[in-house]
>>> print(open('structure-v9.txt').read())   # compact mmCIF, C-alpha atoms
# COMPACT_ATOMS: atom_id res chain seq x y z
CA MET A 99 -12.38 -17.93 12.77
CA PRO A 100 -8.75 -17.60 11.61
CA ASP A 101 -6.21 -16.40 14.17
CA PHE A 102 -3.81 -13.76 12.85
CA THR A 103 -1.24 -11.44 14.43
CA THR A 104 -1.66 -8.35 12.21
CA LEU A 105 -5.38 -8.37 11.41
CA THR A 106 -8.73 -9.88 12.28
CA ILE A 107 -11.55 -11.17 10.10
CA ASN A 108 -15.07 -12.09 11.18
CA GLN A 109 -18.54 -12.21 9.73
CA ASP A 110 -20.58 -9.15 10.57
CA LEU A 111 -22.90 -9.78 13.50
CA ASN A 112 -25.87 -8.19 11.75
CA ASN A 113 -25.21 -9.56 8.28
CA PRO A 114 -23.12 -12.74 7.95
CA ARG A 115 -22.85 -12.14 4.21
CA ILE A 116 -20.29 -9.42 5.06
CA ALA A 117 -16.79 -10.41 6.19
CA ARG A 118 -15.16 -7.60 8.17
CA MET A 119 -11.37 -7.55 7.91
CA VAL A 120 -9.53 -5.15 10.23
CA LEU A 121 -5.84 -4.28 9.96
CA ASN A 122 -4.94 -4.50 13.62
CA ARG A 123 -1.61 -2.86 14.49
CA PRO A 124 -3.00 0.44 15.84
CA SER A 125 0.11 1.26 17.89
CA ARG A 126 2.07 1.36 14.58
CA MET A 127 -0.69 3.02 12.53
CA ASN A 128 -1.39 -0.43 11.08
CA ALA A 129 1.94 -0.27 9.27
CA ILE A 130 2.78 -3.21 7.00
CA SER A 131 4.98 -5.72 8.79
CA GLU A 132 6.66 -8.79 7.27
CA ASP A 133 3.62 -10.88 8.21
CA MET A 134 0.77 -8.61 7.13
CA PRO A 135 0.76 -9.18 3.33
CA GLY A 136 0.57 -12.95 3.72
CA GLU A 137 -2.10 -12.67 6.39
CA ILE A 138 -4.20 -10.46 4.11
CA ARG A 139 -4.02 -13.18 1.47
CA SER A 140 -4.91 -15.89 4.00
CA ALA A 141 -7.86 -13.87 5.31
CA VAL A 142 -9.12 -13.34 1.77
CA LYS A 143 -8.81 -17.08 1.14
CA TRP A 144 -10.87 -17.77 4.26
CA ALA A 145 -13.62 -15.42 3.05
CA GLU A 146 -13.39 -16.87 -0.47
CA ASN A 147 -13.98 -20.37 0.91
CA ASN A 148 -16.89 -19.30 3.14
CA ASP A 149 -20.07 -19.70 1.11
CA ASP A 150 -21.98 -17.44 3.49
CA VAL A 151 -19.74 -14.47 2.65
CA HIS A 152 -20.64 -12.31 -0.35
CA VAL A 153 -18.47 -9.22 0.25
CA ILE A 154 -15.35 -8.24 2.25
CA LEU A 155 -15.22 -4.90 4.07
CA LEU A 156 -11.64 -3.88 4.94
CA GLU A 157 -10.71 -1.16 7.45
CA GLY A 158 -8.01 -0.18 9.93
CA ALA A 159 -8.07 -0.19 13.72
CA GLY A 160 -7.29 2.94 15.70
CA LYS A 161 -6.53 6.32 14.16
CA GLY A 162 -6.16 5.36 10.52
CA PHE A 163 -6.32 2.77 7.76
CA CYS A 164 -2.61 2.06 7.13
CA GLY A 165 0.51 4.22 7.33
CA GLY A 166 2.55 2.21 4.81
CA TYR A 167 5.47 -0.13 5.29
CA ASP A 168 6.86 -0.37 8.82
CA LEU A 169 10.31 0.98 7.96
CA ALA A 170 10.99 3.57 10.64
CA ASP A 171 13.22 1.38 12.80
CA TYR A 172 14.91 -0.39 9.91
CA ALA A 173 15.71 2.81 7.99
CA GLU A 174 17.79 4.15 10.88
CA GLN A 175 19.89 1.00 11.34
CA TRP A 176 23.24 0.34 9.65
CA ILE A 177 22.38 -3.27 8.81
CA ASP A 178 21.54 -5.31 5.75
CA HIS A 179 17.86 -6.00 5.33
CA PRO A 180 16.66 -9.55 4.62
CA THR A 181 14.35 -8.36 1.85
CA GLN A 182 17.28 -7.03 -0.19
CA GLN A 183 16.42 -3.39 0.47
CA GLU A 184 20.13 -2.83 0.92
CA ARG A 185 22.95 -5.26 0.31
CA ASP A 186 26.28 -4.96 -1.42
CA PRO A 187 26.18 -6.11 -4.10
CA TRP A 188 22.46 -5.62 -4.51
CA ASP A 189 20.65 -8.53 -6.17
CA PRO A 190 17.73 -6.94 -8.04
CA MET A 191 16.01 -10.25 -8.76
CA VAL A 192 15.99 -11.29 -5.11
CA ASP A 193 14.54 -7.86 -4.30
CA TYR A 194 11.97 -8.28 -7.08
CA ARG A 195 10.97 -11.76 -5.93
CA HIS A 196 10.28 -10.58 -2.40
CA MET A 197 8.47 -7.36 -3.27
CA LYS A 198 6.45 -9.03 -6.03
CA SER A 199 5.24 -11.63 -3.53
CA TRP A 200 3.87 -8.82 -1.36
CA THR A 201 2.21 -7.22 -4.39
CA GLU A 202 0.54 -10.53 -5.16
CA ASP A 203 -0.64 -10.77 -1.55
CA PHE A 204 -2.29 -7.34 -1.78
CA MET A 205 -3.76 -8.24 -5.15
CA SER A 206 -5.62 -11.17 -3.57
CA LEU A 207 -8.17 -8.49 -2.64
CA TRP A 208 -8.54 -7.69 -6.35
CA ARG A 209 -8.51 -11.29 -7.61
CA CYS A 210 -10.94 -12.63 -5.02
CA SER A 211 -14.25 -13.56 -6.67
CA LYS A 212 -16.07 -11.64 -3.95
CA PRO A 213 -16.20 -7.82 -4.03
CA THR A 214 -13.88 -6.01 -1.63
CA ILE A 215 -14.57 -2.59 -0.13
CA ALA A 216 -11.93 -0.42 1.57
CA LYS A 217 -13.28 1.81 4.33
CA VAL A 218 -10.67 4.52 4.93
CA HIS A 219 -10.37 6.91 7.84
CA GLY A 220 -7.22 8.74 8.87
CA ALA A 221 -4.45 7.89 6.42
CA ALA A 222 -4.04 5.30 3.67
CA VAL A 223 -0.59 6.26 2.48
CA ALA A 224 2.42 4.73 0.73
CA GLY A 225 2.00 0.92 0.88
CA GLY A 226 -1.29 1.48 2.70
CA SER A 227 -2.67 3.14 -0.42
CA ASP A 228 -1.67 0.02 -2.38
CA ILE A 229 -3.83 -2.08 -0.08
CA ALA A 230 -6.80 0.29 -0.32
CA LEU A 231 -6.58 0.57 -4.11
CA CYS A 232 -6.44 -3.20 -4.57
CA CYS A 233 -9.99 -3.27 -3.22
CA ASP A 234 -12.79 -2.99 -5.75
CA LEU A 235 -14.57 -0.09 -4.07
CA LEU A 236 -13.33 2.74 -1.85
CA VAL A 237 -15.33 4.60 0.79
CA MET A 238 -13.50 7.43 2.55
CA ALA A 239 -14.04 9.98 5.28
CA ASP A 240 -13.94 13.54 3.94
CA ASP A 241 -10.86 14.31 6.06
CA ALA A 242 -9.05 11.03 5.34
CA ARG A 243 -5.85 11.19 3.28
CA ILE A 244 -4.50 8.98 0.54
CA GLY A 245 -1.28 9.22 -1.43
CA TYR A 246 2.13 7.70 -2.17
CA MET A 247 4.70 10.13 -0.84
CA PRO A 248 7.71 7.84 -1.51
CA THR A 249 7.39 8.60 -5.23
CA ARG A 250 9.50 11.66 -4.35
CA VAL A 251 12.36 9.33 -3.35
CA TRP A 252 12.78 5.71 -2.17
CA GLY A 253 9.70 4.09 -3.60
CA CYS A 254 7.35 3.24 -6.47
CA PRO A 255 3.80 1.90 -5.94
CA THR A 256 4.20 -1.74 -6.91
CA THR A 257 0.49 -2.36 -7.56
CA ALA A 258 0.46 0.48 -10.16
CA MET A 259 -3.19 1.01 -9.33
CA TRP A 260 -3.07 4.81 -9.50
CA THR A 261 -3.10 4.82 -13.31
CA PHE A 262 -5.83 2.21 -13.60
CA ARG A 263 -8.00 3.93 -11.01
CA LEU A 264 -7.40 7.57 -11.96
CA GLY A 265 -6.23 7.67 -15.58
CA ALA A 266 -2.94 9.03 -16.87
CA LEU A 267 -3.42 12.74 -16.12
CA ARG A 268 -4.28 12.48 -12.43
CA ALA A 269 -1.93 9.54 -11.87
CA LYS A 270 1.00 11.57 -13.19
CA GLU A 271 0.11 14.42 -10.85
CA MET A 272 0.12 12.06 -7.87
CA MET A 273 3.35 10.34 -8.90
CA PHE A 274 5.25 13.50 -9.84
CA THR A 275 4.37 15.38 -6.65
CA GLY A 276 4.01 12.67 -3.99
CA ASN A 277 1.04 14.66 -2.72
CA MET A 278 -1.74 13.31 -0.55
CA ILE A 279 -5.35 14.12 -1.30
CA SER A 280 -8.38 14.16 0.98
CA GLY A 281 -11.25 11.74 0.80
CA LYS A 282 -13.40 14.55 -0.54
CA LYS A 283 -11.01 15.23 -3.41
CA ALA A 284 -10.58 11.49 -4.04
CA ALA A 285 -14.34 11.25 -4.59
CA GLU A 286 -14.31 14.31 -6.85
CA TRP A 287 -11.56 12.72 -8.95
CA GLY A 288 -13.34 9.38 -9.14
CA LEU A 289 -10.73 7.55 -7.05
CA ALA A 290 -13.19 6.96 -4.20
CA ASN A 291 -16.79 5.89 -4.72
CA ILE A 292 -18.07 7.79 -1.70
CA SER A 293 -16.70 10.42 0.68
CA VAL A 294 -18.67 11.40 3.77
CA PRO A 295 -18.08 13.15 7.10
CA ALA A 296 -16.08 10.91 9.42
CA GLU A 297 -19.02 10.33 11.75
CA LYS A 298 -21.05 8.86 8.86
CA LEU A 299 -18.29 6.62 7.45
CA GLU A 300 -19.42 3.43 9.16
CA GLU A 301 -23.04 3.99 8.16
CA GLU A 302 -22.20 4.61 4.50
CA ALA A 303 -19.73 1.73 4.29
CA ILE A 304 -22.11 -0.80 5.81
CA THR A 305 -25.00 0.47 3.67
CA LEU A 306 -22.93 -0.17 0.54
CA ALA A 307 -21.74 -3.56 1.81
CA ASN A 308 -25.31 -4.58 2.67
CA ARG A 309 -26.51 -3.61 -0.79
CA VAL A 310 -23.74 -5.58 -2.50
CA SER A 311 -24.25 -8.58 -0.21
CA GLY A 312 -27.81 -9.05 -1.46
CA VAL A 313 -26.57 -10.03 -4.93
CA PRO A 314 -25.95 -13.76 -5.58
CA ARG A 315 -22.31 -14.79 -5.32
CA SER A 316 -22.20 -16.06 -8.88
CA HIS A 317 -23.43 -12.76 -10.27
CA LEU A 318 -20.91 -10.78 -8.23
CA ALA A 319 -18.10 -13.08 -9.40
CA MET A 320 -19.05 -12.67 -13.07
CA HIS A 321 -19.38 -8.88 -12.90
CA LYS A 322 -16.04 -8.56 -11.08
CA LEU A 323 -14.26 -10.87 -13.51
CA LEU A 324 -15.64 -8.91 -16.46
CA VAL A 325 -14.31 -5.57 -15.21
CA ASN A 326 -11.02 -7.05 -14.04
CA GLN A 327 -10.48 -8.59 -17.48
CA VAL A 328 -10.60 -5.11 -19.01
CA MET A 329 -7.81 -4.01 -16.67
CA LEU A 330 -5.77 -7.13 -17.48
CA THR A 331 -6.22 -6.50 -21.20
CA MET A 332 -4.93 -2.96 -20.63
CA GLY A 333 -1.71 -4.46 -19.25
CA LEU A 334 -2.15 -4.43 -15.48
CA GLU A 335 0.10 -7.43 -14.77
CA GLN A 336 2.91 -6.22 -17.03
CA THR A 337 2.71 -2.75 -15.49
CA GLN A 338 2.95 -4.18 -11.98
CA SER A 339 6.08 -6.13 -12.90
CA LEU A 340 7.72 -2.96 -14.20
CA ALA A 341 6.59 -0.98 -11.14
CA THR A 342 8.07 -3.58 -8.79
CA ILE A 343 11.41 -3.48 -10.63
CA PHE A 344 11.37 0.32 -10.46
CA ASP A 345 10.61 0.18 -6.73
CA GLY A 346 13.86 -1.70 -6.18
CA ILE A 347 15.79 0.76 -8.33
CA THR A 348 14.45 3.76 -6.40
CA ARG A 349 15.92 2.30 -3.22
CA HIS A 350 19.36 1.62 -4.73
CA ASN A 351 20.12 4.48 -7.11
CA PRO A 352 22.12 7.44 -5.74
CA GLU A 353 19.02 9.31 -4.60
CA GLY A 354 17.61 6.28 -2.79
CA VAL A 355 20.90 5.53 -1.03
CA TRP A 356 21.17 9.20 -0.04
CA PHE A 357 17.72 9.00 1.58
CA ARG A 358 18.69 5.89 3.53
CA ARG A 359 22.00 7.41 4.68
CA PHE A 360 20.24 10.60 5.74
CA ALA A 361 17.75 8.56 7.77
CA GLN A 362 20.62 6.67 9.37
CA THR A 363 22.55 9.79 10.36
CA GLU A 364 19.74 12.27 11.05
CA GLY A 365 16.79 10.01 11.85
CA PHE A 366 13.90 8.68 9.78
CA LYS A 367 11.60 11.51 10.85
CA ALA A 368 14.04 14.10 9.52
CA ALA A 369 14.35 12.19 6.24
CA ILE A 370 10.57 12.03 5.85
CA GLU A 371 10.23 15.74 6.61
CA TRP A 372 12.78 16.56 3.87
CA ARG A 373 11.10 14.23 1.39
CA ASP A 374 7.59 15.58 1.98
CA SER A 375 8.52 19.26 2.32
CA GLY A 376 9.06 19.80 -1.39
CA ARG A 377 12.75 20.60 -0.95
CA PRO A 378 14.84 19.38 -3.89
CA ILE A 379 16.12 15.84 -3.42
CA PRO A 380 19.92 15.56 -3.89
CA GLN A 381 20.63 13.63 -7.06
CA ALA A 382 23.44 12.06 -9.09
CA ASP A 383 26.92 13.41 -8.16
CA GLU A 384 25.55 15.62 -5.38
CA ALA A 385 23.89 12.58 -3.81
CA ARG A 386 27.05 10.50 -4.17
CA ALA A 387 29.13 13.17 -2.44
CA LEU A 388 26.68 13.42 0.44
CA ILE A 389 26.59 9.64 0.75
CA LYS A 390 30.37 9.57 1.26
CA GLU A 391 30.14 12.25 3.93
CA MET A 392 27.41 10.42 5.80
CA GLU A 393 29.08 7.02 5.50
CA ALA A 394 32.13 8.51 7.20
CA LYS A 395 29.88 8.98 10.25
CA ARG A 396 28.88 5.31 10.29
CA PRO A 397 29.33 3.77 13.76
CA GLN A 398 32.23 1.33 13.93
CA SER A 399 31.20 -2.18 14.96
>>> encode(input="structure-v9.txt", output="structure tokens")
Amino acid sequence: MPDFTTLTINQDLNNPRIARMVLNRPSRMNAISEDMPGEIRSAVKWAENNDDVHVILLEGAGKGFCGGYDLADYAEQWIDHPTQQERDPWDPMVDYRHMKSWTEDFMSLWRCSKPTIAKVHGAAVAGGSDIALCCDLLVMADDARIGYMPTRVWGCPTTAMWTFRLGALRAKEMMFTGNMISGKKAAEWGLANISVPAEKLEEEAITLANRVSGVPRSHLAMHKLLVNQVMLTMGLEQTQSLATIFDGITRHNPEGVWFRRFAQTEGFKAAIEWRDSGRPIPQADEARALIKEMEAKRPQS
């Protein structure tokens, strides 16, 4: 089996037609590190090349599915980031190239000829929701949470899957508010296929995976390609390019820089609490003025 640092993948002991992929950074809520996107793609490739595997079941170790990008330490540091999240002058195309590569890594779950099922407990939020929504099917615990809170400031979901999974009306609600919704509501809205009490999540997920695994690989590949082609015709790839460009802008416009400076001076937890509380986000000239005040507190090297 492949040897990874951020996840594991193995064939299910009871049904080798199921490949079980587990995001495995439980001490960091399975947050997305620099290595995780590429390892997801490599794990998918392994399953794709294994003729015994018919379906991939993806979950998270520990208390939740995935808490998003692992930015807590970085956001508090007064340093340039190698992925162009903050440099002066900012190079938007370098930023785009890096973030788009991660989007493509997540989308390997969507492009794989074999169906992918996300099994979500705890939280699948921010970038973690991107990973979950790149899977073909979604099974959630009733009390699990999914959402993209950084739409309030400092982020845009680069996979753009909310619109294609929910439709315009619900997607706008999620993007405008940055709210999280429960697994139960996700199922009511049609975002999740199934929502069940947490103690029944494994049973329901494996029941679905077993059912799918009984279908011949060629049939699964054709049915998936057919549905995916509809989404491509609707403009999925073009939308993802625009979303990835917008993600970079949200981190470098006055509001995004204000958020970063606030995290650097007051701590990332305080910045997150402000963002998620519903308090108005400083914008334009107000943000610029606050940035100057906070930059005056920058430690001298």
>>> atom_distance(input="structure-v9.txt", atom1="atom CA of A:Ala319", atom2="atom CA of A:Leu231")
18.6 Å
>>> closest_residue(input="structure-v9.txt", among="A:Arg358, A:His196, A:Ala141, A:Pro352", to="A:Met99", atoms="all atoms listed in the file")
A:Ala141
>>> residues_near_point(input="structure-v9.txt", point="(-21.4, 2.5, 2.4)", cutoff="12 Å", atoms="only C-alpha atoms", output="VMD selection string")
chain A and resid 155 to 156 215 to 218 235 to 239 290 to 294 298 to 311
>>> residues_around(input="structure-v9.txt", residues="A:Val151", least_positions_apart="5", cutoff="8 Å", atoms="only C-alpha atoms", output="PyMOL selection string")
chain A and resi 109+114-117+145-146+311
>>> closest_residue(input="structure-v9.txt", among="A:Met134, A:Met272, A:Thr201, A:Val313", to="A:Val153", atoms="only C-alpha atoms")
A:Val313
>>> decode(input="structure-v9.txt", residues="stretch 133-195 of chain A", atoms="C-alpha atoms", output="PDB file, in the first residue's frame")
ATOM      1  CA  ASP A 133       1.556  17.956   1.319  1.00  0.00           C
ATOM      2  CA  MET A 134      -2.063  16.875   1.682  1.00  0.00           C
ATOM      3  CA  PRO A 135      -3.512  17.983  -1.698  1.00  0.00           C
ATOM      4  CA  GLY A 136      -0.827  16.136  -3.653  1.00  0.00           C
ATOM      5  CA  GLU A 137      -1.169  13.065  -1.471  1.00  0.00           C
ATOM      6  CA  ILE A 138      -4.928  13.015  -2.076  1.00  0.00           C
ATOM      7  CA  ARG A 139      -4.231  12.985  -5.808  1.00  0.00           C
ATOM      8  CA  SER A 140      -1.612  10.232  -5.445  1.00  0.00           C
ATOM      9  CA  ALA A 141      -3.970   8.119  -3.328  1.00  0.00           C
ATOM     10  CA  VAL A 142      -6.727   8.524  -5.901  1.00  0.00           C
ATOM     11  CA  LYS A 143      -4.285   7.479  -8.628  1.00  0.00           C
ATOM     12  CA  TRP A 144      -3.407   4.355  -6.640  1.00  0.00           C
ATOM     13  CA  ALA A 145      -7.099   3.438  -6.338  1.00  0.00           C
ATOM     14  CA  GLU A 146      -7.667   4.288 -10.009  1.00  0.00           C
ATOM     15  CA  ASN A 147      -4.911   1.868 -11.027  1.00  0.00           C
ATOM     16  CA  ASN A 148      -6.136  -0.931  -8.736  1.00  0.00           C
ATOM     17  CA  ASP A 149      -8.563  -3.050 -10.748  1.00  0.00           C
ATOM     18  CA  ASP A 150      -9.999  -4.576  -7.584  1.00  0.00           C
ATOM     19  CA  VAL A 151     -11.243  -1.185  -6.378  1.00  0.00           C
ATOM     20  CA  HIS A 152     -14.665   0.015  -7.534  1.00  0.00           C
ATOM     21  CA  VAL A 153     -15.338   2.888  -5.103  1.00  0.00           C
ATOM     22  CA  ILE A 154     -13.374   5.201  -2.768  1.00  0.00           C
ATOM     23  CA  LEU A 155     -14.727   6.027   0.691  1.00  0.00           C
ATOM     24  CA  LEU A 156     -13.077   9.150   2.170  1.00  0.00           C
ATOM     25  CA  GLU A 157     -13.234  10.151   5.843  1.00  0.00           C
ATOM     26  CA  GLY A 158     -11.256  11.945   8.539  1.00  0.00           C
ATOM     27  CA  ALA A 159      -9.451  10.542  11.566  1.00  0.00           C
ATOM     28  CA  GLY A 160     -10.236  11.776  15.066  1.00  0.00           C
ATOM     29  CA  LYS A 161     -12.897  14.345  15.883  1.00  0.00           C
ATOM     30  CA  GLY A 162     -13.799  15.558  12.417  1.00  0.00           C
ATOM     31  CA  PHE A 163     -13.431  15.343   8.652  1.00  0.00           C
ATOM     32  CA  CYS A 164     -11.245  18.391   7.894  1.00  0.00           C
ATOM     33  CA  GLY A 165     -10.957  21.827   9.493  1.00  0.00           C
ATOM     34  CA  GLY A 166      -9.694  23.612   6.373  1.00  0.00           C
ATOM     35  CA  TYR A 167      -6.266  24.943   5.497  1.00  0.00           C
ATOM     36  CA  ASP A 168      -3.647  24.761   8.248  1.00  0.00           C
ATOM     37  CA  LEU A 169      -3.134  28.515   8.522  1.00  0.00           C
ATOM     38  CA  ALA A 170      -3.262  29.199  12.256  1.00  0.00           C
ATOM     39  CA  ASP A 171       0.498  29.408  12.776  1.00  0.00           C
ATOM     40  CA  TYR A 172       1.231  31.142   9.487  1.00  0.00           C
ATOM     41  CA  ALA A 173      -1.468  33.797   9.897  1.00  0.00           C
ATOM     42  CA  GLU A 174       0.118  35.070  13.108  1.00  0.00           C
ATOM     43  CA  GLN A 175       3.649  35.381  11.690  1.00  0.00           C
ATOM     44  CA  TRP A 176       5.094  38.530  10.109  1.00  0.00           C
ATOM     45  CA  ILE A 177       6.710  36.629   7.239  1.00  0.00           C
ATOM     46  CA  ASP A 178       6.186  36.180   3.527  1.00  0.00           C
ATOM     47  CA  HIS A 179       4.482  32.954   2.603  1.00  0.00           C
ATOM     48  CA  PRO A 180       5.937  30.745  -0.142  1.00  0.00           C
ATOM     49  CA  THR A 181       2.525  30.268  -1.757  1.00  0.00           C
ATOM     50  CA  GLN A 182       2.209  34.002  -2.452  1.00  0.00           C
ATOM     51  CA  GLN A 183      -0.443  34.532   0.203  1.00  0.00           C
ATOM     52  CA  GLU A 184       1.383  37.719   1.080  1.00  0.00           C
ATOM     53  CA  ARG A 185       4.291  39.314  -0.731  1.00  0.00           C
ATOM     54  CA  ASP A 186       5.044  42.847  -1.775  1.00  0.00           C
ATOM     55  CA  PRO A 187       4.482  43.253  -4.613  1.00  0.00           C
ATOM     56  CA  TRP A 188       1.942  40.464  -4.826  1.00  0.00           C
ATOM     57  CA  ASP A 189       2.171  38.346  -7.977  1.00  0.00           C
ATOM     58  CA  PRO A 190      -1.406  37.196  -8.660  1.00  0.00           C
ATOM     59  CA  MET A 191      -0.404  34.656 -11.300  1.00  0.00           C
ATOM     60  CA  VAL A 192       2.080  32.921  -9.001  1.00  0.00           C
ATOM     61  CA  ASP A 193      -0.675  32.814  -6.369  1.00  0.00           C
ATOM     62  CA  TYR A 194      -3.124  31.467  -8.962  1.00  0.00           C
ATOM     63  CA  ARG A 195      -0.709  28.796 -10.174  1.00  0.00           C
TER      64      ARG A 195
END
